[in-house]
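Participant: First, the structure itself, so that you have it in front of you.
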Amino acid sequence: MTMPTEALAPAAIHDLGYRRYEGPRGGARMARRALFAQGLRALFGIGRPARAKAIPVLVLAVTLLPALGMLAAGSASRGQIPIRYADFISGQLILFALFGAAQAPELLCGDRQHRLLPLLLTRAMSQADYALVRWLAIWTALVLVALAPLLLLYVGEIGIARDPAATFRSMGTRIGPVLAHATLAAWVLAGLATLAATLTARRAYATALTIGTLLVLAAVAAGLEDLSGIPAALPELLDPIRALRTLAALLFDEPTRGMEVAPPPPIPVFVASLVAGGAAALGLAWTQLRRVVP
Amino acid sequence: MTIGDGITGLVGANGAGKSTFLKILLGLVTPTAGTATVFGHDVVAEREAIRALVGYMPEHDCLPPDQTAVAFVTFLARCSGLPARAARERTADVLRHVGLHEARHRLMGSYSTGMAQRVKLAQALVHDPRLLILDEPTNGLDPAGRDELLGLIVRTRVEFGMAVLVSSHLLGELERIADALVLIDGGRLVRAEGMAALTGETTTLVVEVDGDAEACADALRRRGVSVHRERSRLLVELPVASLAGAGAASEDAMAVHDAVRDAVVEAGVGLLRMERRRSQLADLFSTAS
């Protein structure tokens, strides 16, 4: 379908006239902010068709509703049912991974599929800007997704307590582990999802690559456990989802029976290896992103 | 080579290096040898300075189908550093200028090729550049859509006052809109000249006579003038230097004219027409290859 010709009539154009833009130009800083905001919106499907909202809505619903349920149960039993953060977050880590796996390609593969880079790179943006801002948006989105259920649980637990002030005094410091765990989980999962999305321009492949990598690492870690002569800490650290689970138990001081029998490595070891793992994935993704030819 | 103000056409066969040349100017590709400057800025060292002054419409599809034209163009305006409000206003402005006002809130996946080309033009205009670089803007358009888009390009030049560098493998459409032409082939510059020079006068004098053309040609040859027959017309070669058009060279050319006059009288034929042949743009390709 072509446009109606009257929309093109020269007379109409003459009447309106072309106006030059004499206003301010923000340069690279403005461009980075715009790219970040656009990326974050795209990751949550805001301003996109319903199909793009499916995974974000699903993940947020599936992670937030149980938190609400636990708070309701806790409230009904007047605090008799203890809220166990580590148990709660352990089951949800795979959903955060799913969010990253599905949504990071939405940005990075979409940009390449639709060949948006020549348009961006001929504006106030360098290739390094692009790579950094895209990754930052993915990380931020994952922090928000991973933080939301824990924060809801945390605020809710204080809120439903008979004496919120006293409860806050006793568990006010728990905000540290809440923030730390969400940030670390997002760091590792964003690194992995970004790397997968830079390796292929096909979204489905990138999603499968992220999930597949996590499954393979879990399988390898489980296999290593049966081998003798391998340090017990290695399988614990090799599987990022498992490492994040154990770290949650340690951070929230909710040890499982298995941990009492065979104590896991201390918290700093987990933090260091998760940071290193995420950094390695990010480093590889960075070289890939820098290589993208417009 | 210097590309001036106005609309400059970049012609070459597919694979001649048109897109690469444009990408070098845009700083997307680093040249392997040589230098280029845009508005006095070096394309390698001063990319940022150039990017604020240049709008680029790529050859390929670059429109995400799940976004509206408004959202997409506003986003790119902001990536050029425009504040949010200015970006929205400029987007509405340029989309109206390219004739997309009605469809601007539709998802771009539903657009026709013509509409997609307009959005691509709009995004190149949105930050009000001084130079517009258009890579094969009429690719894939039907003749009507082609005419409309060429009209838009002329308007960006005439009304918006932007310099335009437009590439195409179709000489005909550039002939219609361009003020100057750059011809490249196999990555090498063949010619770069103003349209007037390219379609200007040649050293061939076309003489049409009524009567025995062969007798007239013989009469000319006896006067030492080089003549070819082309059906009923005679093609008379003028001295090459006569193109410069002054002094002795000009007098030589006048002498040939006099010879034609005398030959016509001698052969007893009627002189219908005598004019310098103008070169055709299409000849460029035959002479280039």
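Starting from 1 in every chain, residues are counted up; chains themselves are A, B, ... following the order of the structure tokens, and ligands are numbered from 1 as listed.
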Distance limit 7 Å, atoms considered: only C-alpha atoms. Which chain B residues sit that close to chain A? Return them as a VMD selection string.

Facilitator: chain B and resid 26 28 48 51 to 52 61 to 64 66 to 67 75 78 to 83 97 99 112 114 to 115 128 159 to 160

Participant: Would you kindly return, as an NGL selection string, each protein, DNA or RNA residue with an atom no farther than 7 Å from any atom of range 86-94 of chain B, considering only C-alpha atoms and excluding same-chain residues fewer than 6 positions away?

Facilitator: :B and (70 or 73-74 or 77-78 or 122 or 125-126)

Participant: Enter the distance from CA of Leu282 in chain A to CA of Ala146 in chain A, in Å, rounded to one decimal.

Facilitator: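 Straight-line distance from CA of Leu282 in chain A to CA of Ala146 in chain A works out to 18.8 Å.
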
Participant: Find the residues near Ala259 in chain B: any atom within 12 Å, counting only C-alpha atoms, skip ones fewer than 2 places away on the same chain, and give them as a PyMOL selection string.

Facilitator: chain B and resi 207+216-227+236-238+252-257+261-266

Participant: Output as JSON, numbers by chain all residues of range 108-155 of chain A that backbone DSSP marks as helix (DSSP H, G or I).

Facilitator: {"A": [108, 109, 110, 111, 112, 113, 117, 118, 119, 120, 121, 127, 128, 129, 130, 131, 132, 133, 134, 135, 136, 137, 138, 139, 140, 141, 142, 143, 144, 145, 146, 147, 148, 149, 150, 151, 152, 153, 154, 155]}

Participant: Pull C-alpha atoms from the residues just selected and write them as a compact mmCIF listing (two decimals), in the first residue's frame.

Facilitator:
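Resulting contents of out_15.txt:
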```
# COMPACT_ATOMS: atom_id res chain seq x y z
CA LEU A 108 21.50 -8.02 20.97
CA CYS A 109 20.25 -10.42 18.30
CA GLY A 110 17.45 -8.02 17.39
CA ASP A 111 19.92 -5.21 16.78
CA ARG A 112 21.93 -7.37 14.43
CA GLN A 113 18.95 -9.01 12.73
CA LEU A 117 24.12 -0.88 14.23
CA PRO A 118 24.95 1.25 11.17
CA LEU A 119 22.22 3.65 12.28
CA LEU A 120 23.48 3.81 15.85
CA LEU A 121 27.17 4.02 15.00
CA GLN A 127 31.09 0.67 19.31
CA ALA A 128 32.38 0.54 22.88
CA ASP A 129 29.47 2.71 24.06
CA TYR A 130 27.05 0.40 22.35
CA ALA A 131 28.54 -2.77 23.85
CA LEU A 132 28.79 -1.34 27.35
CA VAL A 133 25.32 0.21 27.45
CA ARG A 134 23.64 -2.90 26.04
CA TRP A 135 25.31 -5.08 28.65
CA LEU A 136 24.49 -2.60 31.41
CA ALA A 137 20.81 -2.70 30.45
CA ILE A 138 20.79 -6.51 30.57
CA TRP A 139 22.50 -6.56 33.95
CA THR A 140 20.19 -3.91 35.38
CA ALA A 141 17.11 -5.78 34.17
CA LEU A 142 18.36 -8.98 35.78
CA VAL A 143 19.15 -7.18 39.05
CA LEU A 144 15.60 -5.85 39.10
CA VAL A 145 14.11 -9.26 38.32
CA ALA A 146 16.28 -11.07 40.88
CA LEU A 147 15.81 -8.42 43.53
CA ALA A 148 12.03 -8.03 43.24
CA PRO A 149 10.89 -11.26 44.98
CA LEU A 150 13.54 -11.06 47.73
CA LEU A 151 12.79 -7.41 48.37
CA LEU A 152 9.06 -8.11 48.45
CA LEU A 153 9.67 -10.88 50.96
CA TYR A 154 11.94 -8.67 53.04
CA VAL A 155 9.67 -5.64 53.12
```

Participant: Write out as a VMD selection string which residues come within 10 Å of Met171 in chain A when counting only C-alpha atoms, dropping same-chain ones fewer than 5 positions away.

Facilitator: chain A and resid 154 157 to 158 166

Participant: By how many Å are CA of Leu150 in chain B and CA of Ile177 in chain B apart?

Facilitator: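 Separation of CA of Leu150 in chain B and CA of Ile177 in chain B: 7.2 Å.
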
Participant: Can you list, as a PyMOL selection string, every residue of range 32-214 of chain B that DSSP puts in strand (DSSP E)?

Facilitator: chain B and resi 37-38+41-42+54-57+131-135+163-168+180-185+188-194+201-210

Participant: May I have the residues within 8 Å of Ala192 in chain B as a list in words, using only C-alpha atoms and disregarding those fewer than 5 positions away in the same chain?

Facilitator: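 Surrounding residues, per the criterion: Met1, Ala180, Leu181, Val182 and Leu183 of chain B.
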
Participant: Give me, please, the distance in Å between CA of Phe72 in chain B and CA of Glu106 in chain A, quoted to one decimal.

Facilitator: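 Those two atoms sit 15.7 Å apart.
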
Participant: With only C-alpha atoms as the atoms that count, which of A:Leu65, A:Ala280, A:Leu227, A:Leu107 lies nearest to Phe36 in chain A?

Facilitator: A:Leu107
